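S.K.: My structure is below; once you've seen it, I'll send some questions.
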Amino acid sequence: PEHLHDCQVDAQRFRTWRTELGNVAFQGELPPEIGVPFIQRLDAETDRLWRAASPDERARSREWHAARAFARLVSAEGRGKATTSDLVIVCDINAYRRGRAEGGEPCHIVGGGPIPVSLARELAKDAFLKAVLHDGVNIHTVAHFGRYRPAALQTALDLGAPPEFDGVTCVDCDRRFHLEWDHVDPCANGGSTSLGNLQPRCPRCHDAKTERDRRAGLLRGSPRERAP
């Protein structure tokens with residue numbers, strides 16, 4: 001992991017050029033501890049712009065909305081969750097104490113791959129810490145340490161399945177960030193809020209699933225209006 005991270009840092013770059021249309025094009029890459037939070041913010045702003053868009057604009061591709069969101073982030077005009085992001089790091093407690101990972105002990109950024117334990121310790125200096133106890137198959141206990149006490153269930157959902165704890169992806173399109181949690185069996189139909197009845201979906205896929213549930217008569221009422 002140490003050598004990999006050195007290579008990632010050396011490989012970071014950003015270049016621009018002009019296309020035949022006269023547009024400005026760009027390409028680049030960032031280390032995971034920088035790139036993952038940036039993509040989270042970009043996804044959040046892209047979803048916000050898509051929800052606020054006109055019906056004609058909503059029909060455009062996600063890449064089109066993402067380009068607008070990118071421009072707003074660069075101009076510091078992003079709003080809501082586009083102004084903050086969470087970098088979730090999974091690190092075995094023994095590896096954390098030792099200063100290096102051994103024997104398959106995990107140390108990685110959720111959605112970003114392995115990192116050195118030294119980087120995890122550096123990033124944890126001002127982090128909100130969570131302890132997850134599991135037997136390699138099931139999560140038994142989730143304990144939170146800090147001023148805030150988010151639901152233990154949300155922690156278990158966001159981390160993904162043990163022992164990898166590599167996050168979750170939209171069950172319909174494989175997107176990784178800024179996901180929503182959808183009830184497989186809707187609450188309006190008596191579905192429970194539990195690990196077994198929740199699936200991650202991006203906003204577009206979540207809207208489509210809600211519409212399917214409505215057509216199947218599972219929502220028992222008027223459609224939930226999403227705020228623009």
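Just so we're on the same page: first chain in the structure tokens is A, next is B, and so on; residues restart at 1 for each chain, and ligands are numbered from 1 in the order they show up.
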Excluding same-chain residues fewer than 2 positions from Ala120 (chain A), what lies within 9 Å of it counting only C-alpha atoms, as a ChimeraX atom specification?
M.R.: /A:89-91,96,107-109,115-118,122-125
S.K.: Name the residues of region 26-149 of chain A that fall into strand (DSSP E) according to DSSP on the backbone, using the chain letters and numbers of this document, as a PyMOL selection string.
M.R.: chain A and resi 26-29+89-91+107-109+113-114+129-134+139-145
S.K.: Which residues come within 7 Å of region 182-190 of chain A, counting only C-alpha atoms, excluding same-chain residues fewer than 6 positions away, as an NGL selection string?
M.R.: :A and (197-201 or 206 or 218-220)
S.K.: Calculated over only C-alpha atoms, which of the candidates A:Gly80, A:Gly167, A:Pro114, A:Gly22 has the smallest distance to Asp43 (chain A)?
M.R.: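 Using only C-alpha atoms, the shortest distance to Asp43 (chain A) belongs to A:Gly80.
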S.K.: As an exercise, work out the distance from CA of Ala156 (chain A) to CA of Val36 (chain A) in Å and give it to one decimal place.
M.R.: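 It comes out at 19.7 Å.
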S.K.: Would you work out the distance separating CA of Ala71 (chain A) from CA of Gln40 (chain A), expressed in Å to one decimal?
M.R.: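 Between CA of Ala71 (chain A) and CA of Gln40 (chain A) the gap works out to 15.1 Å.
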